[in-house]
file entry20.tsv (TSV, C-alpha atoms)
chain	number	residue	atom	x	y	z
A	5	MET	CA	56.60	19.33	-20.54
A	6	ARG	CA	55.41	19.75	-17.01
A	7	GLY	CA	52.58	21.95	-18.20
A	8	ALA	CA	51.51	19.39	-20.77
A	9	GLU	CA	51.65	16.60	-18.18
A	10	ALA	CA	49.59	18.65	-15.76
A	11	GLY	CA	47.07	19.31	-18.50
A	12	ARG	CA	46.76	15.61	-19.25
A	13	LEU	CA	46.30	14.85	-15.54
A	14	ARG	CA	43.54	17.45	-15.28
A	15	ALA	CA	41.88	16.02	-18.38
A	16	ASP	CA	42.12	12.50	-16.96
A	17	ALA	CA	40.64	13.67	-13.65
A	18	GLY	CA	37.83	15.41	-15.46
A	19	GLY	CA	37.12	12.27	-17.46
A	20	LEU	CA	37.05	10.16	-14.31
A	21	ARG	CA	34.61	12.56	-12.69
A	22	ALA	CA	32.40	12.44	-15.79
A	23	ASP	CA	32.55	8.62	-15.80
A	24	ALA	CA	31.66	8.52	-12.09
A	25	GLY	CA	28.77	10.88	-12.69
A	26	GLN	CA	27.54	8.70	-15.54
A	27	LEU	CA	27.78	5.62	-13.34
A	28	ARG	CA	25.76	7.34	-10.62
A	29	ALA	CA	23.15	8.39	-13.19
A	30	ASP	CA	22.99	4.83	-14.52
A	31	ALA	CA	22.60	3.50	-10.99
A	32	ARG	CA	19.75	5.93	-10.32
A	33	ARG	CA	18.00	4.91	-13.54
A	34	ASN	CA	18.45	1.22	-12.72
A	35	ARG	CA	17.03	1.79	-9.26
A	36	GLU	CA	13.99	3.62	-10.62
A	37	ARG	CA	13.40	0.92	-13.24
A	38	ILE	CA	13.53	-1.72	-10.52
A	39	LEU	CA	11.03	0.14	-8.33
A	40	VAL	CA	8.60	0.70	-11.21
A	41	ALA	CA	8.89	-2.96	-12.18
A	42	ALA	CA	8.44	-4.07	-8.56
A	43	ARG	CA	5.20	-2.12	-8.19
A	44	ALA	CA	3.86	-3.64	-11.41
A	45	VAL	CA	4.89	-7.19	-10.50
A	46	PHE	CA	3.57	-6.92	-6.94
A	47	ALA	CA	0.25	-5.63	-8.31
A	48	GLU	CA	-0.02	-8.62	-10.64
A	49	HIS	CA	1.42	-11.41	-8.50
A	50	GLY	CA	1.54	-10.12	-4.90
A	51	ILE	CA	4.53	-9.12	-2.80
A	52	ASP	CA	5.73	-12.74	-2.67
A	53	ALA	CA	6.47	-12.71	-6.41
A	54	PRO	CA	9.98	-14.02	-7.27
A	55	MET	CA	12.71	-11.40	-7.22
A	56	ALA	CA	13.86	-12.78	-10.59
A	57	THR	CA	10.50	-11.76	-12.06
A	58	VAL	CA	11.07	-8.20	-10.88
A	59	ALA	CA	14.58	-8.20	-12.36
A	60	ARG	CA	13.32	-9.44	-15.73
A	61	ARG	CA	10.57	-6.80	-15.81
A	62	ALA	CA	13.12	-4.10	-14.99
A	63	GLY	CA	15.57	-5.33	-17.62
A	64	VAL	CA	18.40	-5.84	-15.12
A	65	GLY	CA	20.23	-8.86	-13.80
A	66	VAL	CA	19.24	-10.50	-10.54
A	67	ALA	CA	22.67	-9.63	-9.14
A	68	THR	CA	22.05	-5.95	-9.92
A	69	LEU	CA	18.71	-6.10	-8.14
A	70	TYR	CA	20.27	-7.64	-5.03
A	71	ARG	CA	23.05	-5.04	-5.01
A	72	ARG	CA	20.39	-2.35	-4.79
A	73	PHE	CA	18.02	-4.22	-2.45
A	74	GLU	CA	19.51	-6.98	-0.34
A	75	THR	CA	16.17	-8.38	0.84
A	76	ARG	CA	12.58	-8.59	-0.40
A	77	ASP	CA	11.50	-6.47	2.57
A	78	ALA	CA	13.86	-3.70	1.48
A	79	LEU	CA	12.48	-3.81	-2.06
A	80	VAL	CA	8.84	-3.78	-0.92
A	81	ARG	CA	9.45	-0.85	1.40
A	82	ALA	CA	11.34	1.10	-1.24
A	83	ALA	CA	8.70	0.40	-3.90
A	84	PHE	CA	5.94	1.79	-1.70
A	85	ALA	CA	7.95	4.34	0.29
A	86	GLN	CA	5.93	7.26	-1.05
A	87	GLN	CA	2.63	5.63	-0.10
A	88	MET	CA	3.93	4.79	3.37
A	89	GLU	CA	5.10	8.38	3.77
A	90	THR	CA	1.64	9.60	2.76
A	91	CYS	CA	0.08	7.43	5.47
A	92	ALA	CA	2.55	8.72	8.06
A	93	ARG	CA	1.84	12.32	7.05
A	94	ALA	CA	-1.92	11.67	7.23
A	95	LEU	CA	-1.52	10.45	10.82
A	96	THR	CA	0.50	13.54	11.74
A	97	ASP	CA	-2.09	15.81	10.14
A	98	ALA	CA	-4.90	13.95	11.90
A	99	LEU	CA	-3.28	14.55	15.29
A	100	ALA	CA	-2.88	18.25	14.49
A	101	ASP	CA	-6.50	18.68	13.36
A	102	PRO	CA	-8.54	20.62	15.98
A	103	ASP	CA	-11.49	18.36	15.11
A	104	PRO	CA	-10.30	14.85	16.14
A	105	TRP	CA	-13.16	13.07	14.35
A	106	ARG	CA	-12.38	14.87	11.10
A	107	GLY	CA	-8.72	13.94	11.52
A	108	PHE	CA	-9.60	10.31	12.22
A	109	ARG	CA	-11.98	10.15	9.25
A	110	ARG	CA	-9.42	11.63	6.86
A	111	LEU	CA	-6.78	9.20	8.09
A	112	VAL	CA	-9.01	6.20	7.35
A	113	GLU	CA	-10.03	7.62	3.97
A	114	THR	CA	-6.42	8.31	3.00
A	115	ALA	CA	-5.21	4.81	3.93
A	116	CYS	CA	-8.10	3.21	2.05
A	117	ALA	CA	-7.63	5.44	-1.00
A	118	LEU	CA	-4.00	4.34	-1.20
A	119	GLN	CA	-5.06	0.71	-0.92
A	120	ARG	CA	-7.50	1.29	-3.76
A	121	GLU	CA	-5.26	3.27	-6.10
A	122	GLU	CA	-2.02	1.24	-5.90
A	123	ARG	CA	-2.87	-2.42	-6.39
A	124	GLY	CA	0.31	-3.77	-4.82
A	125	PHE	CA	0.09	-1.46	-1.82
A	126	PRO	CA	-2.58	-3.24	0.28
A	127	ALA	CA	-0.39	-6.30	0.90
A	128	ALA	CA	2.67	-4.12	1.51
A	129	PHE	CA	0.72	-1.92	3.92
A	130	VAL	CA	-0.62	-4.87	5.89
A	131	ALA	CA	2.79	-6.57	5.92
A	132	ALA	CA	4.52	-3.48	7.28
A	133	PHE	CA	2.76	-3.36	10.64
A	134	PRO	CA	3.61	-6.78	12.09
A	135	ASP	CA	7.28	-6.04	11.37
A	136	SER	CA	9.14	-6.31	14.68
A	137	THR	CA	12.70	-5.97	13.36
A	138	THR	CA	14.99	-3.63	15.23
A	139	GLU	CA	15.30	-1.36	12.21
A	140	HIS	CA	11.58	-0.65	11.83
A	141	ALA	CA	10.28	-1.17	15.38
A	142	PRO	CA	10.68	2.52	16.45
A	143	THR	CA	8.63	3.73	13.47
A	144	ARG	CA	5.93	1.15	14.10
A	145	ASP	CA	5.82	1.90	17.83
A	146	ARG	CA	5.57	5.65	17.21
A	147	ALA	CA	2.71	5.11	14.75
A	148	GLU	CA	0.87	2.96	17.29
A	149	ARG	CA	1.30	5.59	20.02
A	150	ASP	CA	0.09	8.37	17.74
A	151	LEU	CA	-2.91	6.31	16.66
A	152	ARG	CA	-3.88	5.60	20.26
A	153	THR	CA	-3.59	9.31	21.04
A	154	LEU	CA	-5.84	10.19	18.09
A	155	ILE	CA	-8.41	7.58	19.12
A	156	ARG	CA	-8.44	8.86	22.70
A	157	LYS	CA	-8.90	12.46	21.51
A	158	ALA	CA	-11.82	11.49	19.28
A	159	GLN	CA	-13.42	9.50	22.10
A	160	ASP	CA	-12.95	12.34	24.58
A	161	ALA	CA	-14.67	14.64	22.09
A	162	GLY	CA	-17.67	12.29	22.04
A	163	ALA	CA	-17.26	11.60	18.32
A	164	LEU	CA	-15.80	8.08	18.36
A	165	ARG	CA	-17.41	5.11	20.09
A	166	THR	CA	-16.02	4.60	23.59
A	167	ASP	CA	-15.61	0.87	22.91
A	168	PHE	CA	-13.56	1.44	19.74
A	169	HIS	CA	-10.19	-0.33	19.97
A	170	PRO	CA	-7.10	0.27	17.79
A	171	SER	CA	-7.36	-3.31	16.57
A	172	ASP	CA	-10.73	-2.40	15.05
A	173	LEU	CA	-8.94	-0.15	12.59
A	174	ALA	CA	-6.59	-2.99	11.64
A	175	VAL	CA	-9.61	-5.24	11.02
A	176	ALA	CA	-11.26	-2.52	8.91
A	177	LEU	CA	-8.14	-2.05	6.79
A	178	LEU	CA	-7.82	-5.81	6.29
A	179	ALA	CA	-11.46	-5.96	5.18
A	180	HIS	CA	-10.95	-3.11	2.73
A	181	CYS	CA	-7.72	-4.73	1.53
A	182	GLY	CA	-9.69	-7.87	0.67
A	183	LEU	CA	-12.30	-5.87	-1.21
A	184	VAL	CA	-9.90	-3.90	-3.40
A	185	SER	CA	-7.84	-7.01	-4.08
A	186	ALA	CA	-10.95	-8.87	-5.28
A	187	LEU	CA	-12.52	-5.90	-7.11
A	188	PRO	CA	-9.68	-3.54	-8.05
A	189	GLY	CA	-11.82	-1.55	-10.48
A	190	ASP	CA	-14.88	-1.04	-8.28
A	191	GLU	CA	-14.26	2.35	-6.71
A	192	ALA	CA	-17.91	2.69	-5.70
A	193	ALA	CA	-17.73	-0.48	-3.59
A	194	SER	CA	-14.58	0.80	-1.91
A	195	ARG	CA	-16.03	4.21	-1.07
A	196	ARG	CA	-19.27	2.74	0.23
A	197	LEU	CA	-17.52	0.20	2.45
A	198	VAL	CA	-15.32	2.95	3.92
A	199	ALA	CA	-18.43	5.07	4.59
A	200	TYR	CA	-20.15	2.12	6.30
A	201	LEU	CA	-17.09	1.49	8.45
A	202	LEU	CA	-16.84	5.13	9.51
A	203	GLU	CA	-20.56	5.22	10.34
A	204	SER	CA	-20.10	2.15	12.55
A	205	PHE	CA	-17.25	3.89	14.37
A	206	ARG	CA	-19.16	7.11	15.06
A	207	ALA	CA	-20.57	7.70	18.52
A	208	GLY	CA	-23.28	10.04	17.26
A	209	PRO	CA	-26.07	9.78	14.70
A	210	SER	CA	-25.53	9.29	10.99
A	211	ASN	CA	-23.79	12.15	9.23
A	212	GLY	CA	-25.53	12.24	5.87
A	213	PRO	CA	-26.20	9.72	3.08
A	214	LEU	CA	-23.80	7.02	2.01
A	215	PRO	CA	-21.93	7.20	-1.32
A	216	ASP	CA	-23.62	5.62	-4.36
A	217	PRO	CA	-23.74	1.80	-4.18
A	218	SER	CA	-21.65	-0.59	-6.22
A	219	SER	CA	-23.05	-2.51	-9.20
A	220	LEU	CA	-21.99	-5.74	-7.48
A	221	SER	CA	-24.78	-8.21	-6.71
A	222	LEU	CA	-25.18	-11.82	-5.66
A	223	HIS	CA	-25.78	-12.59	-9.35
A	224	ASN	CA	-22.29	-11.46	-10.41
A	225	PHE	CA	-20.51	-12.13	-7.12
A	226	PRO	CA	-18.85	-15.40	-8.30
A	227	ALA	CA	-16.76	-13.38	-10.78
A	228	ALA	CA	-15.28	-11.44	-7.87
A	229	ALA	CA	-14.61	-14.65	-5.97
A	230	ASP	CA	-12.81	-16.10	-8.99
A	231	ASN	CA	-10.68	-12.97	-9.25
A	232	VAL	CA	-9.44	-13.63	-5.72
A	233	ARG	CA	-8.27	-17.06	-6.88
A	234	GLY	CA	-6.56	-15.54	-9.90
A	235	SER	CA	-9.14	-16.31	-12.58
A	236	THR	CA	-10.45	-13.55	-14.82
A	237	THR	CA	-13.71	-15.23	-15.78
A	238	ALA	CA	-16.56	-16.65	-13.77
A	239	ARG	CA	-16.96	-20.39	-13.79
A	240	PRO	CA	-20.29	-21.61	-15.17
A	241	SER	CA	-22.59	-23.41	-12.76
A	242	PRO	CA	-22.52	-27.21	-13.13
A	243	PRO	CA	-25.55	-28.60	-14.96
A	244	ARG	CA	-28.39	-30.09	-12.98
A	245	SER	CA	-29.12	-33.79	-13.16
A	246	PRO	CA	-32.65	-34.94	-13.96
A	247	GLY	CA	-33.27	-35.37	-10.25
A	248	GLY	CA	-32.57	-31.72	-9.61
A	249	SER	CA	-29.17	-32.01	-7.93
A	250	ARG	CA	-26.03	-30.54	-9.46
A	251	ARG	CA	-23.54	-32.88	-11.08
A	252	ALA	CA	-20.01	-32.84	-9.71
call {"tool": "encode", "arguments": {"input": "entry20.tsv", "output": "structure tokens"}}
result
Amino acid sequence: MRGAEAGRLRADAGGLRADAGQLRADARRNRERILVAARAVFAEHGIDAPMATVARRAGVGVATLYRRFETRDALVRAAFAQQMETCARALTDALADPDPWRGFRRLVETACALQREERGFPAAFVAAFPDSTTEHAPTRDRAERDLRTLIRKAQDAGALRTDFHPSDLAVALLAHCGLVSALPGDEAASRRLVAYLLESFRAGPSNGPLPDPSSLSLHNFPAAADNVRGSTTARPSPPRSPGGSRRA
């Protein structure tokens, strides 16, 4: 009898372990579904999209979402953790590059490529740096120190303008963020803007031709402006009155 009882206990324990393993697997799948949904929703509606929208897209309850991610900040950071890690690694690699200008250039190109390729990432990237919470402050401060070191090395090498300031890079990334948000499919415009920015940062003469230009022109520019406001089609120009002025 004792042997049979012991056997049943072992079977019960094994079943509990299997159930726990299944629960962990389900939790991992739920988490991944939430992160995939979050990236899609943030790309479509921005990082201020309702958490309930993310939950619906993921096929989970709002309570489940909040059990996994207690705050919007936690969800945004988790959704774009890989991209943030890529940026951090690019900064580390840039510091280790024996050619500081090449390291600086690759850092800028990597950050801008991520902004271009992951539509929800630009806003998340920009939002991450002003974060002054105790949890993230050390990471932000270390990144700022490393960036200042890289800038100083490139300036000492005579490759980067002596009047370049770290805030100039923030301005450049904000400008590129606006471009890719307005024209998410125009890779040529992105590459050309990045090349222009890097040329303006250089201390020396131009380093070769720019990438091919975008097809964007003043004629089709209103379509891009409408995209910023959320419209997918350009608004027609109002008709002119007989006197030549446009009607309201």
call {"tool": "atom_distance", "arguments": {"input": "entry20.tsv", "atom1": "CA of Gly107 (chain A)", "atom2": "CA of Arg146 (chain A)"}}
result
17.5 Å
call {"tool": "closest_residue", "arguments": {"input": "entry20.tsv", "among": "A:His169, A:Arg35, A:Arg156, A:Arg120", "to": "Leu197 (chain A)", "atoms": "only C-alpha atoms"}}
result
A:Arg120
call {"tool": "residues_around", "arguments": {"input": "entry20.tsv", "residues": "Leu164 (chain A)", "least_positions_apart": "3", "cutoff": "8 Å", "atoms": "all atoms listed in the file", "output": "ChimeraX atom specification"}}
result
/A:105,155,158-159,161,168,205-208
call {"tool": "atom_distance", "arguments": {"input": "entry20.tsv", "atom1": "CA of Ala98 (chain A)", "atom2": "CA of Leu154 (chain A)"}}
result
7.3 Å
call {"tool": "atom_distance", "arguments": {"input": "entry20.tsv", "atom1": "CA of Pro215 (chain A)", "atom2": "CA of Glu191 (chain A)"}}
result
10.6 Å
